[in-house]
file coords_35.tsv (TSV, C-alpha atoms)
chain	number	residue	atom	x	y	z
A	1	MET	CA	19.30	-42.49	14.43
A	2	SER	CA	22.90	-41.28	14.67
A	3	GLU	CA	24.11	-44.81	15.46
A	4	ARG	CA	24.49	-46.40	12.05
A	5	ARG	CA	23.49	-49.98	11.67
A	6	PRO	CA	24.10	-51.98	8.49
A	7	ARG	CA	21.09	-52.39	6.24
A	8	PRO	CA	19.74	-55.98	6.09
A	9	THR	CA	21.02	-57.80	3.03
A	10	ALA	CA	20.48	-61.20	1.50
A	11	LYS	CA	23.23	-63.80	1.19
A	12	ASN	CA	24.24	-62.46	-2.20
A	13	GLY	CA	24.78	-59.00	-0.71
A	14	ARG	CA	21.49	-57.56	-1.98
A	15	LYS	CA	18.53	-56.29	0.04
A	16	PRO	CA	15.48	-58.52	0.30
A	17	VAL	CA	12.64	-57.73	-2.08
A	18	TRP	CA	10.30	-55.03	-0.74
A	19	ARG	CA	7.05	-56.18	0.74
A	20	ARG	CA	5.07	-54.95	-2.30
A	21	ALA	CA	2.46	-53.48	0.03
A	22	LEU	CA	1.77	-50.70	-2.45
A	23	ASN	CA	0.97	-53.18	-5.24
A	24	PRO	CA	-0.60	-56.35	-3.76
A	25	PRO	CA	-1.46	-59.18	-6.14
A	26	ALA	CA	-4.93	-59.01	-7.65
A	27	ALA	CA	-7.51	-61.30	-6.09
A	28	THR	CA	-7.92	-63.51	-9.16
A	29	GLY	CA	-7.78	-66.86	-7.38
A	30	VAL	CA	-4.48	-67.71	-9.08
A	31	THR	CA	-1.50	-68.14	-6.80
A	32	PRO	CA	1.23	-65.73	-7.89
A	33	PRO	CA	4.63	-67.22	-8.68
A	34	ALA	CA	7.21	-67.21	-5.95
A	35	PRO	CA	9.81	-64.43	-6.19
A	36	ARG	CA	13.12	-65.33	-7.71
A	37	ALA	CA	16.06	-65.78	-5.43
A	38	ASP	CA	18.03	-63.16	-7.37
A	39	PRO	CA	15.72	-60.27	-8.29
A	40	PRO	CA	16.77	-58.00	-11.13
A	41	GLU	CA	18.57	-54.73	-10.55
A	42	PRO	CA	16.30	-51.71	-10.01
A	43	GLU	CA	15.57	-49.77	-13.16
A	44	PRO	CA	17.77	-46.76	-13.76
A	45	ALA	CA	16.08	-43.46	-12.97
A	46	ALA	CA	15.17	-41.06	-15.69
A	47	ALA	CA	17.65	-38.26	-16.16
A	48	ASP	CA	15.02	-35.59	-15.63
A	49	SER	CA	13.91	-37.07	-12.27
A	50	VAL	CA	17.24	-37.69	-10.55
A	51	VAL	CA	18.55	-34.21	-9.87
A	52	GLN	CA	21.72	-35.48	-8.26
A	53	ALA	CA	22.96	-38.56	-6.45
A	54	ALA	CA	26.22	-38.63	-4.50
A	55	LEU	CA	28.05	-40.76	-1.96
A	56	TYR	CA	29.88	-39.24	1.00
A	57	ARG	CA	32.36	-40.55	3.52
A	58	ASP	CA	33.50	-38.47	6.51
A	59	GLY	CA	31.82	-35.38	5.07
A	60	VAL	CA	33.54	-35.58	1.69
A	61	ARG	CA	31.99	-36.57	-1.62
A	62	VAL	CA	33.63	-39.73	-2.90
A	63	SER	CA	31.41	-40.58	-5.84
A	64	THR	CA	28.70	-39.18	-8.14
A	65	PRO	CA	26.86	-42.17	-9.61
A	66	ALA	CA	25.08	-41.69	-12.91
A	67	SER	CA	21.94	-43.66	-11.95
A	68	LEU	CA	20.07	-45.06	-9.01
A	69	ALA	CA	21.35	-48.54	-9.77
A	70	ASP	CA	24.97	-47.30	-9.61
A	71	THR	CA	24.18	-45.48	-6.38
A	72	PHE	CA	22.79	-48.63	-4.78
A	73	ARG	CA	25.76	-50.71	-5.91
A	74	GLU	CA	28.41	-48.25	-4.72
A	75	LEU	CA	26.69	-47.76	-1.37
A	76	ARG	CA	26.79	-51.53	-0.79
A	77	ASP	CA	30.50	-51.50	-1.60
A	78	GLN	CA	31.06	-48.68	0.91
A	79	PRO	CA	29.12	-49.59	4.06
A	80	SER	CA	30.59	-46.62	5.97
A	81	GLY	CA	29.37	-44.13	3.39
A	82	MET	CA	26.20	-42.09	3.09
A	83	ALA	CA	24.05	-41.67	0.00
A	84	TRP	CA	22.27	-38.41	-0.73
A	85	ILE	CA	19.78	-38.78	-3.56
A	86	GLY	CA	17.76	-35.87	-4.89
A	87	LEU	CA	14.66	-36.48	-7.01
A	88	ALA	CA	12.27	-34.05	-8.68
A	89	ARG	CA	8.77	-35.33	-9.46
A	90	PRO	CA	9.91	-38.97	-9.68
A	91	THR	CA	7.99	-41.74	-11.36
A	92	GLU	CA	6.33	-44.56	-9.46
A	93	ALA	CA	8.98	-47.02	-10.68
A	94	GLU	CA	11.75	-44.85	-9.26
A	95	LEU	CA	10.13	-44.59	-5.85
A	96	LEU	CA	9.47	-48.33	-5.77
A	97	SER	CA	13.11	-49.06	-6.58
A	98	LEU	CA	14.17	-46.78	-3.70
A	99	ALA	CA	11.64	-48.44	-1.41
A	100	ALA	CA	13.03	-51.86	-2.30
A	101	GLU	CA	16.64	-50.82	-1.75
A	102	PHE	CA	16.23	-48.85	1.47
A	103	ASP	CA	13.24	-50.71	2.95
A	104	LEU	CA	11.03	-47.62	3.03
A	105	HIS	CA	7.63	-47.97	4.62
A	106	PRO	CA	4.76	-48.37	2.12
A	107	LEU	CA	2.68	-45.60	3.69
A	108	ALA	CA	5.55	-43.12	3.41
A	109	VAL	CA	6.18	-44.11	-0.20
A	110	GLU	CA	2.50	-43.72	-0.99
A	111	ASP	CA	2.52	-40.22	0.49
A	112	ALA	CA	5.58	-39.33	-1.58
A	113	MET	CA	3.84	-40.56	-4.72
A	114	GLU	CA	0.60	-38.65	-4.19
A	115	ALA	CA	2.08	-35.42	-2.80
A	116	HIS	CA	-0.31	-32.72	-1.49
A	117	GLN	CA	0.49	-33.80	2.06
A	118	ARG	CA	0.34	-31.78	5.24
A	119	PRO	CA	3.75	-30.99	6.80
A	120	LYS	CA	4.57	-33.79	9.21
A	121	LEU	CA	7.31	-35.95	10.71
A	122	GLU	CA	6.89	-39.69	11.12
A	123	ARG	CA	9.33	-42.38	12.22
A	124	TYR	CA	9.30	-45.85	10.69
A	125	GLY	CA	11.94	-47.88	12.54
A	126	ASP	CA	15.31	-46.35	11.70
A	127	THR	CA	13.87	-44.12	8.99
A	128	LEU	CA	12.41	-40.66	9.38
A	129	PHE	CA	9.86	-39.43	6.87
A	130	VAL	CA	9.48	-35.66	6.76
A	131	VAL	CA	7.06	-33.62	4.67
A	132	LEU	CA	7.86	-29.93	4.30
A	133	SER	CA	6.11	-27.08	2.52
A	134	ALA	CA	8.57	-24.57	1.11
A	135	ALA	CA	7.51	-21.05	0.18
A	136	ARG	CA	8.81	-18.47	-2.25
A	137	TYR	CA	7.64	-14.89	-2.78
A	138	LEU	CA	7.07	-13.87	-6.40
A	139	ASP	CA	7.74	-10.12	-6.62
A	140	ALA	CA	6.24	-9.61	-10.09
A	141	ALA	CA	2.91	-11.22	-9.26
A	142	GLU	CA	3.01	-10.31	-5.54
A	143	GLU	CA	2.04	-13.89	-4.72
A	144	VAL	CA	3.39	-16.65	-2.49
A	145	TYR	CA	4.34	-19.86	-4.30
A	146	PHE	CA	4.40	-23.10	-2.30
A	147	GLY	CA	6.36	-26.24	-3.15
A	148	GLU	CA	6.25	-29.61	-1.42
A	149	LEU	CA	9.31	-31.54	-0.30
A	150	HIS	CA	9.46	-35.10	1.07
A	151	VAL	CA	12.58	-36.32	2.87
A	152	PHE	CA	13.53	-39.87	3.83
A	153	VAL	CA	16.33	-39.99	6.40
A	154	GLY	CA	17.87	-43.34	7.27
A	155	PRO	CA	21.04	-44.55	9.01
A	156	ASP	CA	23.15	-44.11	5.87
A	157	PHE	CA	20.99	-42.33	3.31
A	158	VAL	CA	18.99	-39.20	2.62
A	159	ILE	CA	16.40	-39.12	-0.16
A	160	THR	CA	14.68	-35.89	-1.13
A	161	VAL	CA	11.58	-35.89	-3.33
A	162	ARG	CA	10.64	-32.46	-4.64
A	163	HIS	CA	7.17	-31.56	-5.93
A	164	GLY	CA	7.71	-28.00	-7.06
A	165	ALA	CA	10.51	-25.53	-7.76
A	166	ALA	CA	11.14	-24.62	-4.13
A	167	PRO	CA	13.38	-25.06	-2.26
A	168	ASP	CA	16.73	-24.91	-4.07
A	169	LEU	CA	18.37	-28.04	-2.66
A	170	SER	CA	21.44	-27.62	-4.85
A	171	ALA	CA	22.37	-24.67	-2.64
A	172	VAL	CA	21.88	-26.87	0.43
A	173	ARG	CA	24.18	-29.51	-1.03
A	174	ARG	CA	26.86	-26.94	-1.83
A	175	ARG	CA	26.62	-25.53	1.67
A	176	MET	CA	27.03	-28.94	3.26
A	177	GLU	CA	29.92	-29.88	0.98
A	178	ASP	CA	31.64	-26.62	1.91
A	179	THR	CA	31.35	-27.56	5.61
A	180	PRO	CA	32.49	-31.20	5.78
A	181	GLU	CA	32.73	-31.04	9.57
A	182	LEU	CA	28.93	-30.65	9.61
A	183	LEU	CA	28.26	-33.08	6.79
A	184	LYS	CA	30.23	-35.86	8.48
A	185	LEU	CA	27.66	-35.81	11.31
A	186	GLY	CA	25.54	-37.91	8.97
A	187	PRO	CA	21.98	-37.89	7.60
A	188	GLU	CA	20.63	-35.94	10.56
A	189	ALA	CA	22.93	-33.05	9.61
A	190	VAL	CA	21.55	-33.10	6.07
A	191	LEU	CA	18.02	-33.04	7.48
A	192	TYR	CA	18.99	-30.02	9.58
A	193	ALA	CA	20.38	-28.24	6.52
A	194	ILE	CA	17.19	-28.91	4.55
A	195	LEU	CA	15.02	-27.69	7.43
A	196	ASP	CA	17.19	-24.61	7.80
A	197	SER	CA	16.93	-23.86	4.06
A	198	VAL	CA	13.15	-24.19	4.09
A	199	VAL	CA	12.82	-21.97	7.15
A	200	ASP	CA	15.27	-19.39	5.75
A	201	GLY	CA	13.14	-19.34	2.61
A	202	TYR	CA	10.26	-18.05	4.72
A	203	VAL	CA	12.16	-14.84	5.57
A	204	PRO	CA	11.73	-13.08	2.17
A	205	VAL	CA	8.15	-14.32	2.07
A	206	VAL	CA	7.46	-12.69	5.43
A	207	ALA	CA	9.10	-9.47	4.22
A	208	GLY	CA	7.08	-9.52	0.98
A	209	VAL	CA	3.81	-10.13	2.80
A	210	GLN	CA	4.59	-7.36	5.29
A	211	ASN	CA	5.16	-4.99	2.38
A	212	ASP	CA	1.87	-6.08	0.80
A	213	ILE	CA	0.01	-5.46	4.05
A	214	ASP	CA	1.53	-1.97	4.31
A	215	GLU	CA	0.39	-1.22	0.75
A	216	ILE	CA	-3.07	-2.61	1.47
A	217	GLU	CA	-3.44	-0.36	4.52
A	218	THR	CA	-2.62	2.65	2.33
A	219	GLU	CA	-5.11	1.53	-0.31
A	220	VAL	CA	-7.82	0.97	2.30
A	221	PHE	CA	-7.62	4.52	3.65
A	222	ARG	CA	-7.28	5.87	0.11
A	223	GLY	CA	-10.58	4.21	-0.78
A	224	ASP	CA	-9.30	1.92	-3.54
A	225	PRO	CA	-12.31	-0.14	-4.73
A	226	GLU	CA	-10.09	-3.13	-5.66
A	227	VAL	CA	-8.49	-3.50	-2.24
A	228	SER	CA	-11.10	-5.95	-0.92
A	229	ARG	CA	-10.15	-8.51	-3.54
A	230	ARG	CA	-6.46	-8.09	-2.71
A	231	ILE	CA	-7.13	-8.57	1.00
A	232	TYR	CA	-9.10	-11.74	0.29
A	233	GLU	CA	-6.40	-13.23	-1.96
A	234	LEU	CA	-3.62	-12.44	0.51
A	235	SER	CA	-5.70	-13.90	3.35
A	236	ARG	CA	-5.99	-17.18	1.44
A	237	GLU	CA	-2.23	-17.25	0.94
A	238	MET	CA	-1.73	-16.66	4.65
A	239	VAL	CA	-3.96	-19.63	5.42
A	240	GLU	CA	-1.68	-21.77	3.23
A	241	PHE	CA	1.40	-20.20	4.78
A	242	GLN	CA	0.07	-20.96	8.24
A	243	ARG	CA	-0.50	-24.59	7.25
A	244	ALA	CA	3.14	-24.73	6.14
A	245	THR	CA	4.70	-23.16	9.24
A	246	ARG	CA	2.55	-24.13	12.21
A	247	PRO	CA	3.18	-27.94	12.02
A	248	LEU	CA	6.94	-27.29	11.84
A	249	VAL	CA	6.94	-26.05	15.41
A	250	GLY	CA	5.64	-29.37	16.72
A	251	MET	CA	7.87	-31.34	14.33
A	252	LEU	CA	11.06	-29.68	15.56
A	253	HIS	CA	10.03	-30.03	19.18
A	254	GLY	CA	9.46	-33.72	18.46
A	255	LEU	CA	12.98	-33.98	17.04
A	256	MET	CA	14.42	-32.21	20.06
A	257	ALA	CA	12.54	-34.54	22.40
A	258	GLY	CA	14.35	-37.49	20.82
A	259	PHE	CA	17.87	-36.04	21.13
A	260	ALA	CA	18.82	-38.19	24.12
A	261	LYS	CA	17.07	-41.33	22.88
A	262	TYR	CA	18.73	-41.33	19.48
A	263	GLY	CA	22.10	-39.93	20.55
A	264	THR	CA	22.03	-36.74	18.47
A	265	GLU	CA	25.33	-34.86	18.39
A	266	GLU	CA	25.47	-31.89	20.77
A	267	GLU	CA	26.47	-29.47	18.00
A	268	LEU	CA	23.59	-30.66	15.83
A	269	GLN	CA	21.21	-30.17	18.75
A	270	ARG	CA	22.21	-26.51	18.90
A	271	TYR	CA	21.57	-26.06	15.19
A	272	LEU	CA	18.16	-27.68	15.39
A	273	ARG	CA	17.20	-25.53	18.38
A	274	ASP	CA	18.14	-22.47	16.34
A	275	VAL	CA	15.90	-23.61	13.49
A	276	ALA	CA	13.09	-24.24	15.98
A	277	ASP	CA	13.44	-20.67	17.27
A	278	HIS	CA	13.23	-19.29	13.73
A	279	VAL	CA	10.20	-21.43	12.94
A	280	THR	CA	8.43	-20.25	16.09
A	281	HIS	CA	9.15	-16.63	15.21
A	282	THR	CA	7.92	-17.11	11.63
A	283	SER	CA	4.78	-18.91	12.79
A	284	GLU	CA	4.00	-16.05	15.16
A	285	ARG	CA	4.50	-13.53	12.35
A	286	VAL	CA	2.15	-15.46	10.08
A	287	ASP	CA	-0.47	-15.61	12.83
A	288	GLY	CA	-0.06	-11.87	13.21
A	289	PHE	CA	-0.50	-11.38	9.46
A	290	ARG	CA	-3.77	-13.30	9.49
A	291	GLN	CA	-5.07	-11.23	12.39
A	292	ALA	CA	-3.90	-8.01	10.74
A	293	LEU	CA	-5.65	-8.91	7.48
A	294	THR	CA	-8.82	-9.73	9.40
A	295	ASP	CA	-8.66	-6.35	11.13
A	296	ILE	CA	-7.92	-4.57	7.85
A	297	LEU	CA	-10.87	-6.28	6.21
A	298	THR	CA	-13.09	-5.13	9.09
A	299	VAL	CA	-11.77	-1.58	8.83
A	300	ASN	CA	-12.26	-1.62	5.07
A	301	ALA	CA	-15.85	-2.82	5.47
A	302	THR	CA	-16.44	-0.04	8.02
A	303	LEU	CA	-14.95	2.60	5.71
A	304	VAL	CA	-16.98	1.32	2.77
A	305	THR	CA	-20.12	1.47	4.91
A	306	GLN	CA	-19.27	4.98	6.04
A	307	GLN	CA	-18.65	6.04	2.46
A	308	GLN	CA	-21.97	4.53	1.38
A	309	ASN	CA	-23.72	6.28	4.27
A	310	ALA	CA	-22.10	9.57	3.28
A	311	GLU	CA	-23.23	9.11	-0.30
A	312	MET	CA	-26.73	8.25	0.84
A	313	ARG	CA	-26.74	11.30	3.12
A	314	ALA	CA	-25.58	13.50	0.25
A	315	LEU	CA	-28.30	12.08	-1.97
A	316	ALA	CA	-30.87	12.63	0.76
A	317	GLU	CA	-29.73	16.24	1.25
A	318	ALA	CA	-29.82	16.82	-2.48
A	319	GLY	CA	-33.31	15.32	-2.59
A	320	PHE	CA	-34.41	17.51	0.32
A	321	GLU	CA	-33.09	20.64	-1.35
A	322	GLN	CA	-34.76	19.63	-4.57
A	323	ASN	CA	-38.00	19.04	-2.72
A	324	GLU	CA	-37.80	22.51	-1.16
A	325	GLU	CA	-37.35	24.07	-4.56
A	326	ILE	CA	-40.30	22.09	-5.89
A	327	LYS	CA	-42.41	23.40	-2.97
A	328	LYS	CA	-41.50	26.98	-3.80
A	329	ILE	CA	-42.22	26.54	-7.47
A	330	SER	CA	-45.50	24.80	-6.73
A	331	SER	CA	-46.52	27.54	-4.27
A	332	TRP	CA	-45.86	30.36	-6.72
A	333	ALA	CA	-47.56	28.40	-9.45
A	334	ALA	CA	-50.68	28.06	-7.24
A	335	ILE	CA	-50.60	31.77	-6.34
A	336	LEU	CA	-50.30	32.81	-9.96
A	337	PHE	CA	-52.93	30.32	-11.02
A	338	ALA	CA	-55.75	32.16	-9.10
A	339	PRO	CA	-55.59	35.50	-10.99
A	340	THR	CA	-54.95	33.62	-14.20
A	341	LEU	CA	-58.13	31.63	-13.64
A	342	VAL	CA	-60.25	34.74	-12.90
A	343	GLY	CA	-58.75	36.64	-15.79
A	344	THR	CA	-59.32	33.73	-18.11
A	345	ILE	CA	-62.99	33.44	-17.16
A	346	TYR	CA	-63.69	37.14	-17.72
A	347	GLY	CA	-61.63	37.14	-20.84
A	348	MET	CA	-64.04	34.85	-22.65
A	349	ASN	CA	-65.97	36.49	-25.48
A	350	PHE	CA	-69.55	36.07	-24.33
A	351	ASP	CA	-72.14	38.88	-24.41
A	352	ARG	CA	-74.39	37.57	-21.69
A	353	MET	CA	-72.15	37.52	-18.62
A	354	PRO	CA	-73.73	39.38	-15.67
A	355	GLU	CA	-70.47	40.86	-14.45
A	356	LEU	CA	-69.50	42.35	-17.81
A	357	HIS	CA	-72.06	45.18	-17.50
A	358	TRP	CA	-71.79	45.50	-13.71
A	359	VAL	CA	-70.28	48.78	-12.54
A	360	LEU	CA	-68.33	47.05	-9.73
A	361	GLY	CA	-67.38	43.99	-11.82
A	362	TYR	CA	-63.82	45.09	-12.54
A	363	PRO	CA	-62.97	46.13	-8.96
A	364	PHE	CA	-64.60	42.96	-7.70
A	365	ALA	CA	-62.42	40.77	-9.98
A	366	ILE	CA	-59.25	42.63	-8.91
A	367	VAL	CA	-60.12	42.31	-5.24
A	368	LEU	CA	-60.98	38.64	-5.67
A	369	MET	CA	-57.63	37.90	-7.31
A	370	ALA	CA	-55.78	39.84	-4.61
A	371	VAL	CA	-57.61	38.04	-1.78
A	372	VAL	CA	-57.01	34.59	-3.28
A	373	CYS	CA	-53.33	35.29	-3.95
A	374	THR	CA	-52.79	36.73	-0.48
A	375	SER	CA	-54.54	33.83	1.20
A	376	LEU	CA	-52.45	31.31	-0.69
A	377	TYR	CA	-49.25	33.20	0.11
A	378	VAL	CA	-50.08	33.26	3.82
A	379	ILE	CA	-50.93	29.54	3.84
A	380	PHE	CA	-47.71	28.51	2.02
A	381	LYS	CA	-45.61	30.83	4.19
A	382	ARG	CA	-46.94	29.22	7.35
A	383	LYS	CA	-46.04	25.79	5.95
A	384	ASP	CA	-42.50	27.04	5.18
A	385	TRP	CA	-42.97	26.39	1.52
A	386	LEU	CA	-41.97	30.00	0.79

call {"tool": "encode", "arguments": {"input": "coords_35.tsv", "output": "structure tokens"}}
result
Amino acid sequence: MSERRPRPTAKNGRKPVWRRALNPPAATGVTPPAPRADPPEPEPAAADSVVQAALYRDGVRVSTPASLADTFRELRDQPSGMAWIGLARPTEAELLSLAAEFDLHPLAVEDAMEAHQRPKLERYGDTLFVVLSAARYLDAAEEVYFGELHVFVGPDFVITVRHGAAPDLSAVRRRMEDTPELLKLGPEAVLYAILDSVVDGYVPVVAGVQNDIDEIETEVFRGDPEVSRRIYELSREMVEFQRATRPLVGMLHGLMAGFAKYGTEEELQRYLRDVADHVTHTSERVDGFRQALTDILTVNATLVTQQQNAEMRALAEAGFEQNEEIKKISSWAAILFAPTLVGTIYGMNFDRMPELHWVLGYPFAIVLMAVVCTSLYVIFKRKDWL
């Protein structure tokens, strides 16, 4: 890809009309009119979609066109230049105009339109199509925000399509303009800078997640009841983070495998290898985070179970103690009930009760109460109720 070849143009100096694969004619039975020999200029991009468009030659900015149409025209006038076009949430018309000008593959354009793509790298002829997932850590909310970035890299152009606030490509552009010796290496150097920016953006995310995990471990052993929800939410973010970082490892190794075939500059190869090392390290950290969160969730479940068991044991002990007290009360109530019953019977006001006029009636009643109470006491004592 480092060997620049002129883009195919028609006799009037314009590119041929794009294949219209994204918008085929409706099957109405009516033959569509033939395309005009001189198609109209692409529509200018909306000001809120084109973040910045610039032309570079030998690593130096030579022009800042105001619209996509001006960018196309100036790039045709400067065949040795390179266009770097940055778009944020572009319209379908804007992407179609870019596809027509730079002969972008319909499938890649369709992916850029729909967004929500998995990180990947695909080559369509001389054009690379790269999908990246940038991440940013939000300190206030303690959450990880993900943004999607699509990059088209051709022999003399770089087009970035951002779906989200991250990453800050203006900083990437400033960095490249401050190092013209790197920028003059061409579109591949810009792709390296974008990859490097995305990967560098993972560093504060990793630090933020590590801090969250440390806090979660403290909360787990402190018995915070809300920690399970926090573990679950962070685990979901790590799944998304893993989806963003793991494919990058294979993508960069794929780029490195094509160094010799596409004549990549030796200095650029070193930079890309460095990015690959950082991506591998980040991917390993994210894998470690997922495993750590899984272990923490297991430990938390164990601690919660232990706490529940302790509470159940305490309740059981309290119930046992209460039951022992009830036994004692019931035993003394039974013992006291016997003399109360005898005394109540002989306390009734009836004249004709044989025992009332019996000489031994009183001693007999006392002895009977004593025998019953003693018997009950001995029985309850043997049962450990007293």

call {"tool": "atom_distance", "arguments": {"input": "coords_35.tsv", "atom1": "atom CA of A:Pro167", "atom2": "atom CA of A:Ala292"}}
result
27.5 Å

call {"tool": "atom_distance", "arguments": {"input": "coords_35.tsv", "atom1": "atom CA of A:Glu188", "atom2": "atom CA of A:Val153"}}
result
7.2 Å

call {"tool": "closest_residue", "arguments": {"input": "coords_35.tsv", "among": "A:Ser375, A:Pro354, A:Leu191, A:Tyr346", "to": "A:Ser331", "atoms": "all atoms listed in the file"}}
result
A:Ser375

call {"tool": "residues_around", "arguments": {"input": "coords_35.tsv", "residues": "A:Asn211", "least_positions_apart": "3", "cutoff": "12 Å", "atoms": "all atoms listed in the file", "output": "NGL selection string"}}
result
:A and (137 or 139 or 142-143 or 204-208 or 214-218 or 234 or 289)

call {"tool": "closest_residue", "arguments": {"input": "coords_35.tsv", "among": "A:Leu297, A:Leu182, A:Val239, A:Ile335", "to": "A:Glu267", "atoms": "only C-alpha atoms"}}
result
A:Leu182

call {"tool": "axis_aligned_box", "arguments": {"input": "coords_35.tsv", "around": "stretch 373-383 of chain A", "padding_each_side": "3 Å", "output": "AutoDock Vina command-line options"}}
result
--center_x -50.1 --center_y 31.3 --center_z 1.7 --size_x 14.9 --size_y 16.9 --size_z 17.3

call {"tool": "atom_distance", "arguments": {"input": "coords_35.tsv", "atom1": "atom CA of A:Val286", "atom2": "atom CA of A:Thr302"}}
result
24.2 Å

call {"tool": "decode", "arguments": {"input": "coords_35.tsv", "residues": "stretch 254-260 of chain A", "atoms": "all heavy atoms", "output": "PDB file, in the first residue's frame"}}
result
ATOM      1  N   GLY A 254      -1.898  -9.123  11.474  1.00  0.00           N
ATOM      2  CA  GLY A 254      -2.169  -9.182  10.044  1.00  0.00           C
ATOM      3  C   GLY A 254      -1.457  -8.079   9.284  1.00  0.00           C
ATOM      4  O   GLY A 254      -0.937  -8.300   8.178  1.00  0.00           O
ATOM      5  N   LEU A 255      -1.427  -6.872   9.869  1.00  0.00           N
ATOM      6  CA  LEU A 255      -0.690  -5.776   9.236  1.00  0.00           C
ATOM      7  C   LEU A 255       0.799  -6.097   9.160  1.00  0.00           C
ATOM      8  O   LEU A 255       1.447  -5.872   8.139  1.00  0.00           O
ATOM      9  CB  LEU A 255      -0.898  -4.480  10.025  1.00  0.00           C
ATOM     10  CG  LEU A 255      -2.165  -3.682   9.745  1.00  0.00           C
ATOM     11  CD1 LEU A 255      -2.232  -2.471  10.681  1.00  0.00           C
ATOM     12  CD2 LEU A 255      -2.197  -3.212   8.296  1.00  0.00           C
ATOM     13  N   MET A 256       1.338  -6.627  10.245  1.00  0.00           N
ATOM     14  CA  MET A 256       2.767  -6.936  10.264  1.00  0.00           C
ATOM     15  C   MET A 256       3.105  -8.052   9.269  1.00  0.00           C
ATOM     16  O   MET A 256       4.194  -8.059   8.691  1.00  0.00           O
ATOM     17  CB  MET A 256       3.193  -7.331  11.676  1.00  0.00           C
ATOM     18  CG  MET A 256       3.170  -6.164  12.665  1.00  0.00           C
ATOM     19  SD  MET A 256       3.881  -6.564  14.280  1.00  0.00           S
ATOM     20  CE  MET A 256       2.699  -7.759  14.890  1.00  0.00           C
ATOM     21  N   ALA A 257       2.168  -8.966   9.059  1.00  0.00           N
ATOM     22  CA  ALA A 257       2.429 -10.038   8.101  1.00  0.00           C
ATOM     23  C   ALA A 257       2.522  -9.519   6.677  1.00  0.00           C
ATOM     24  O   ALA A 257       3.147 -10.149   5.818  1.00  0.00           O
ATOM     25  CB  ALA A 257       1.321 -11.092   8.200  1.00  0.00           C
ATOM     26  N   GLY A 258       1.915  -8.356   6.409  1.00  0.00           N
ATOM     27  CA  GLY A 258       1.957  -7.796   5.066  1.00  0.00           C
ATOM     28  C   GLY A 258       3.024  -6.739   4.860  1.00  0.00           C
ATOM     29  O   GLY A 258       3.021  -6.046   3.835  1.00  0.00           O
ATOM     30  N   PHE A 259       3.947  -6.590   5.817  1.00  0.00           N
ATOM     31  CA  PHE A 259       4.994  -5.577   5.691  1.00  0.00           C
ATOM     32  C   PHE A 259       5.805  -5.765   4.408  1.00  0.00           C
ATOM     33  O   PHE A 259       6.005  -4.834   3.623  1.00  0.00           O
ATOM     34  CB  PHE A 259       5.930  -5.629   6.901  1.00  0.00           C
ATOM     35  CG  PHE A 259       5.355  -4.992   8.135  1.00  0.00           C
ATOM     36  CD1 PHE A 259       5.927  -5.234   9.385  1.00  0.00           C
ATOM     37  CD2 PHE A 259       4.256  -4.163   8.057  1.00  0.00           C
ATOM     38  CE1 PHE A 259       5.413  -4.652  10.524  1.00  0.00           C
ATOM     39  CE2 PHE A 259       3.723  -3.569   9.210  1.00  0.00           C
ATOM     40  CZ  PHE A 259       4.310  -3.819  10.435  1.00  0.00           C
ATOM     41  N   ALA A 260       6.284  -6.987   4.192  1.00  0.00           N
ATOM     42  CA  ALA A 260       7.138  -7.240   3.030  1.00  0.00           C
ATOM     43  C   ALA A 260       6.336  -7.131   1.733  1.00  0.00           C
ATOM     44  O   ALA A 260       6.818  -6.558   0.744  1.00  0.00           O
ATOM     45  CB  ALA A 260       7.780  -8.627   3.153  1.00  0.00           C
TER      46      ALA A 260
END
